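Peer 1: My structure file model.cif, mmCIF, C-alpha atoms, is below:
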```cif
data_structure
loop_
_atom_site.label_atom_id
_atom_site.label_comp_id
_atom_site.auth_asym_id
_atom_site.auth_seq_id
_atom_site.Cartn_x
_atom_site.Cartn_y
_atom_site.Cartn_z
CA MET A 1 105.51 99.75 111.37
CA ALA A 2 104.29 97.05 109.02
CA ASN A 3 107.49 95.04 108.95
CA SER A 4 108.35 95.32 112.68
CA GLN A 5 105.55 93.08 113.94
CA PRO A 6 105.89 89.30 113.83
CA GLN A 7 103.37 87.45 111.71
CA PRO A 8 100.67 85.78 113.84
CA SER A 9 101.51 82.09 114.37
CA LYS A 10 98.11 80.91 113.07
CA LEU A 11 98.48 82.91 109.85
CA SER A 12 99.91 81.61 106.60
CA LEU A 13 100.33 83.47 103.31
CA ALA A 14 100.25 81.87 99.88
CA PRO A 15 100.54 83.06 96.28
CA ALA A 16 97.27 84.25 94.80
CA SER A 17 98.44 82.86 91.46
CA ASP A 18 97.32 79.34 92.37
CA THR A 19 94.07 78.86 90.43
CA LYS A 20 92.05 77.85 93.52
CA ASN A 21 93.43 80.79 95.52
CA LEU A 22 92.68 83.18 92.68
CA ALA A 23 89.03 82.11 92.52
CA SER A 24 88.79 82.60 96.29
CA LEU A 25 90.42 86.03 96.08
CA LYS A 26 87.89 87.01 93.44
CA ARG A 27 85.01 85.94 95.73
CA LEU A 28 86.55 87.76 98.70
CA ASN A 29 87.00 91.00 96.74
CA SER A 30 83.45 90.87 95.40
CA LEU A 31 82.13 90.36 98.93
CA LEU A 32 84.17 93.06 100.69
CA LEU A 33 84.99 95.77 98.17
CA PRO A 34 82.67 98.29 96.49
CA ILE A 35 84.26 97.80 93.06
CA ASN A 36 83.70 94.97 90.61
CA TYR A 37 87.03 94.17 89.04
CA ARG A 38 87.33 93.00 85.46
CA GLU A 39 88.53 89.53 84.56
CA SER A 40 91.84 91.03 83.41
CA PHE A 41 92.48 92.17 87.00
CA TYR A 42 92.66 88.48 88.00
CA LYS A 43 94.07 87.11 84.75
CA ASP A 44 97.09 89.40 85.08
CA ILE A 45 98.00 87.63 88.33
CA LEU A 46 98.34 84.41 86.30
CA THR A 47 100.12 85.90 83.30
CA ASN A 48 102.30 88.70 84.73
CA PRO A 49 105.12 87.52 87.05
CA THR A 50 105.40 90.90 88.81
CA ASP A 51 101.65 90.99 89.49
CA ALA A 52 101.86 87.41 90.79
CA ALA A 53 104.75 88.33 93.12
CA LEU A 54 102.69 91.18 94.61
CA SER A 55 99.46 89.21 95.12
CA ARG A 56 98.94 87.04 98.18
CA VAL A 57 96.12 85.37 100.06
CA ALA A 58 95.94 84.63 103.77
CA PHE A 59 94.75 81.51 105.57
CA TRP A 60 94.10 81.13 109.31
CA ASP A 61 95.08 78.10 111.40
CA GLY A 62 95.65 75.79 108.44
CA GLY A 63 92.19 76.47 107.05
CA VAL A 64 91.21 75.87 103.46
CA SER A 65 89.31 79.12 102.96
CA ILE A 66 91.10 82.41 102.49
CA ILE A 67 90.48 85.12 105.05
CA GLY A 68 92.30 87.98 103.36
CA GLY A 69 94.16 89.05 100.27
CA ILE A 70 96.30 91.72 98.70
CA ARG A 71 96.83 92.64 95.04
CA GLY A 72 99.64 94.93 93.99
CA LYS A 73 100.98 96.15 90.67
CA TRP A 74 104.53 97.25 89.92
CA GLU A 75 104.94 100.49 88.01
CA PRO A 76 108.45 100.56 86.54
CA PRO A 77 110.51 103.74 86.57
CA SER A 78 110.27 105.92 83.49
CA PRO A 79 112.59 104.85 80.64
CA SER A 80 114.25 108.26 80.78
CA SER A 81 115.54 107.50 84.30
CA GLY A 82 117.85 104.83 82.89
CA ASN A 83 117.15 102.70 85.97
CA LYS A 84 115.67 99.21 85.63
CA ASN A 85 115.16 98.90 89.41
CA GLY A 86 112.90 101.04 91.51
CA GLY A 87 109.60 102.40 90.38
CA LYS A 88 106.49 102.19 92.54
CA ILE A 89 104.05 99.57 93.73
CA TYR A 90 100.36 100.38 93.55
CA LEU A 91 98.23 98.51 96.10
CA MET A 92 95.11 97.78 94.10
CA THR A 93 93.27 95.88 96.85
CA ILE A 94 93.76 94.71 100.40
CA CYS A 95 90.94 93.16 102.40
CA VAL A 96 90.30 90.84 105.34
CA LEU A 97 87.11 89.11 106.48
CA SER A 98 85.71 90.96 109.51
CA PRO A 99 86.17 88.15 112.11
CA PHE A 100 89.91 88.19 111.32
CA ARG A 101 90.48 91.94 111.46
CA ARG A 102 92.77 93.35 114.15
CA LEU A 103 94.70 90.07 114.25
CA GLY A 104 97.58 91.27 112.06
CA VAL A 105 96.40 89.70 108.80
CA ALA A 106 96.41 92.88 106.68
CA THR A 107 99.67 93.98 108.31
CA ALA A 108 101.29 90.66 107.38
CA LEU A 109 100.02 90.93 103.79
CA LEU A 110 101.39 94.47 103.55
CA ALA A 111 104.71 93.44 105.13
CA ASP A 112 105.08 90.77 102.43
CA VAL A 113 104.66 93.42 99.71
CA ILE A 114 107.05 95.78 101.50
CA GLU A 115 109.70 93.06 101.64
CA THR A 116 109.31 92.44 97.91
CA ALA A 117 109.49 96.19 97.27
CA LYS A 118 112.78 96.42 99.18
CA GLN A 119 114.22 93.49 97.21
CA TRP A 120 113.24 95.19 93.94
CA GLY A 121 114.63 98.58 94.94
CA VAL A 122 111.14 100.13 94.85
CA LYS A 123 111.03 103.59 96.40
CA GLU A 124 107.29 103.97 97.08
CA ILE A 125 104.12 102.01 97.72
CA TYR A 126 100.81 103.83 97.31
CA ALA A 127 97.07 103.20 97.29
CA HIS A 128 93.76 104.99 96.87
CA VAL A 129 91.49 105.12 99.93
CA TRP A 130 87.91 106.37 99.88
CA VAL A 131 87.72 109.84 101.49
CA GLU A 132 85.11 108.61 104.00
CA ASN A 133 87.07 105.51 105.03
CA HIS A 134 88.81 107.12 108.00
CA GLU A 135 89.47 103.72 109.58
CA ALA A 136 91.57 102.65 106.57
CA GLN A 137 93.33 106.00 106.42
CA GLY A 138 94.30 105.61 110.08
CA TRP A 139 95.44 102.03 109.49
CA TYR A 140 97.80 103.18 106.74
CA GLU A 141 99.07 106.09 108.85
CA ARG A 142 99.91 103.74 111.74
CA ARG A 143 102.07 101.79 109.31
CA GLY A 144 104.09 104.80 108.21
CA PHE A 145 102.08 105.97 105.20
CA THR A 146 101.40 109.63 104.61
CA ILE A 147 98.10 110.89 103.21
CA ASP A 148 98.08 113.37 100.35
CA GLU A 149 96.00 116.47 101.04
CA ASP A 150 94.45 116.50 97.56
CA VAL A 151 91.37 114.44 96.77
CA VAL A 152 91.11 112.47 93.52
CA GLU A 153 87.53 113.38 92.65
CA GLY A 154 85.38 110.77 90.90
CA TYR A 155 87.73 107.87 91.67
CA TYR A 156 84.98 105.74 93.21
CA ARG A 157 82.12 106.15 90.77
CA LYS A 158 79.64 104.10 92.79
CA LEU A 159 80.34 105.75 96.15
CA ARG A 160 79.15 109.10 97.48
CA PRO A 161 81.21 111.14 97.92
CA SER A 162 83.22 109.70 95.04
CA GLY A 163 86.68 110.99 96.00
CA ALA A 164 89.79 109.14 97.11
CA LYS A 165 92.86 110.09 99.08
CA ILE A 166 96.24 108.73 98.07
CA VAL A 167 98.30 107.13 100.82
CA ARG A 168 102.07 106.73 100.29
CA LEU A 169 104.88 104.85 101.97
CA LYS A 170 108.45 105.83 101.11
CA ILE A 171 110.53 102.67 101.21
CA ASN A 172 113.86 104.45 101.52
CA ALA A 173 112.79 105.98 104.83
CA PRO A 174 115.35 105.30 107.62
CA GLU A 175 113.13 102.75 109.41
CA TYR A 176 113.24 100.50 106.32
CA GLU A 177 116.98 100.69 105.58
#
```
Using structure tokens, write down the structure from this file.

Peer 2:
Amino acid sequence: MANSQPQPSKLSLAPASDTKNLASLKRLNSLLLPINYRESFYKDILTNPTDAALSRVAFWDGGVSIIGGIRGKWEPPSPSSGNKNGGKIYLMTICVLSPFRRLGVATALLADVIETAKQWGVKEIYAHVWVENHEAQGWYERRGFTIDEDVVEGYYRKLRPSGAKIVRLKINAPEYE
């Protein structure tokens, strides 16, 4: 599970909301992800405290360049629920430079978001994964996520096929209590 593994000793996480870290996260996302994110995607990390709390960058062995990053967004519960805590966290991006994959970097980034989710009383974390990215789907499954059967058609407009699967982690599952 994501929160049962110790963080690698050479790894350090930092807020993405630092201006230098944010610029590096933007470069990393543009290099590794098939989607170009709008300026508001990054600006919200600076202006929205919940977005800032769910956005981290990773450094290796005291380095000055980031090697990975995660960007989450809190979706509050519906007003009709009468509950101010809870809701969901949407993982908008998570990526790691290839030389640092399989070293626990993405798992540590995810564990940081899971810990925040637990503190906030969040019940679910979810993300979209390209239907052809079986490696990522397996990665999420190994960390306790389930994969919805349905495909969100047209989610990735620049990819073929364009569909996405939704992966979900229930935070109130026994292993996280």

Peer 1: For Asp51 in chain A, find every residue with an atom within 12 Å (counting all atoms listed in the file), except residues of its own chain fewer than 4 positions away, and show them as a PyMOL selection string.

Peer 2: chain A and resi 15-17+40-47+55-56+70-75+89-92+113+116

Peer 1: What does the structure give for the distance between CA of Val152 in chain A and CA of Ile166 in chain A, in Å to one decimal?

Peer 2: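 Atom-to-atom, CA of Val152 in chain A to CA of Ile166 in chain A, that is 7.8 Å.
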
Peer 1: Enclose all atoms of range 38-46 of chain A listed in the file in an axis-aligned box, grow every side by 6 Å, and hand back centre and edge lengths in Å to one decimal, as JSON.

Peer 2:
```
{"center_x": 92.8, "center_y": 88.7, "center_z": 85.9, "size_x": 23.0, "size_y": 20.6, "size_z": 16.9}
```

Peer 1: Using all atoms listed in the file, which of A:Arg142, A:Pro8, A:Ala136, A:Thr19 sits nearest Phe100 in chain A?

Peer 2: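 Ranking A:Arg142, A:Pro8, A:Ala136, A:Thr19 by distance to Phe100 in chain A, first place goes to A:Pro8.
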
Peer 1: Measuring atom to atom with only C-alpha atoms, identify which of A:Leu103, A:Ile94, A:Ile114, A:Ile66 is nearest to Arg27 in chain A.

Peer 2: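 Ranked by minimum distance to Arg27 in chain A, first place goes to A:Ile66.
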
Peer 1: Of the residues A:Asn133, A:Gln119, A:Thr146, A:Thr107, which is the one nearest to Ala58 in chain A, using all atoms listed in the file?

Peer 2: A:Thr107

Peer 1: For the provided coordinates, the residues matched by the PyMOL selection byres ((chain A and resi 61) around 12) should be stated as a list in words.

Peer 2: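 Checked against the file, the PyMOL selection byres ((chain A and resi 61) around 12) matches Pro8, Ser9, Lys10, Leu11, Ser12, Leu13, Ala58, Phe59, Trp60, Gly62, Gly63, Val64, Ser65, Ile66, Ile67, Phe100 and Val105 of chain A.
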
Peer 1: Quick one: which residues end up in the PyMOL selection byres ((chain A and resi 149) around 9) for this structure, as a list in words?

Peer 2: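 For this structure, the PyMOL selection byres ((chain A and resi 149) around 9) captures Ile147, Asp148, Asp150, Val151, Lys165 and Ile166 of chain A.
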
Peer 1: The selected residues should be written to file as a short mmCIF file (atom, residue, chain, number, x, y, z; two decimals), in the coordinates of the input (atoms: C-alpha atoms).

Peer 2:
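Result written to again-v5.cif:
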```
data_model
loop_
_atom_site.label_atom_id
_atom_site.label_comp_id
_atom_site.auth_asym_id
_atom_site.auth_seq_id
_atom_site.Cartn_x
_atom_site.Cartn_y
_atom_site.Cartn_z
CA ILE A 147 98.10 110.89 103.21
CA ASP A 148 98.08 113.37 100.35
CA ASP A 150 94.45 116.50 97.56
CA VAL A 151 91.37 114.44 96.77
CA LYS A 165 92.86 110.09 99.08
CA ILE A 166 96.24 108.73 98.07
#
```

Peer 1: For Ala106 in chain A, list every protein, DNA or RNA residue within 8 Å, evaluated using all atoms listed in the file, and leave out those in the same chain fewer than 3 positions away; present the list as a list in words.

Peer 2: Gly68, Gly69, Ile94, Cys95, Val96, Arg101, Leu109 and Leu110 of chain A

Peer 1: Return the single residue from A:Val167, A:Val122, A:Leu159, A:Leu32 that is closest to Gly138 in chain A, with distances computed using all atoms listed in the file.

Peer 2: A:Val167

Peer 1: Any chance you could resolve the PyMOL selection byres ((chain A and resi 130) around 12) against this file and give the residues as a ChimeraX atom specification?

Peer 2: /A:33-35,127-129,131-137,147,151-167

Peer 1: How many Å separate CA of Gly86 in chain A from CA of Ala117 in chain A?

Peer 2: 8.3 Å

Peer 1: Between CA of Leu169 in chain A and CA of Tyr126 in chain A, measure the distance and give it in Å to one decimal.

Peer 2: 6.3 Å

Peer 1: Could you tell me which of A:Pro99, A:Gly104, A:Ile171, A:Gly87 comes closest to Trp139 in chain A if we count all atoms listed in the file?

Peer 2: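 So, comparing all the options, the nearest one is A:Gly104.
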
Peer 1: For Gly121 in chain A, which of A:Asn85, A:Arg143, A:Asn36, A:Ala108 is the closest residue, counting only C-alpha atoms?

Peer 2: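 For Gly121 in chain A, the nearest of the candidates is A:Asn85.
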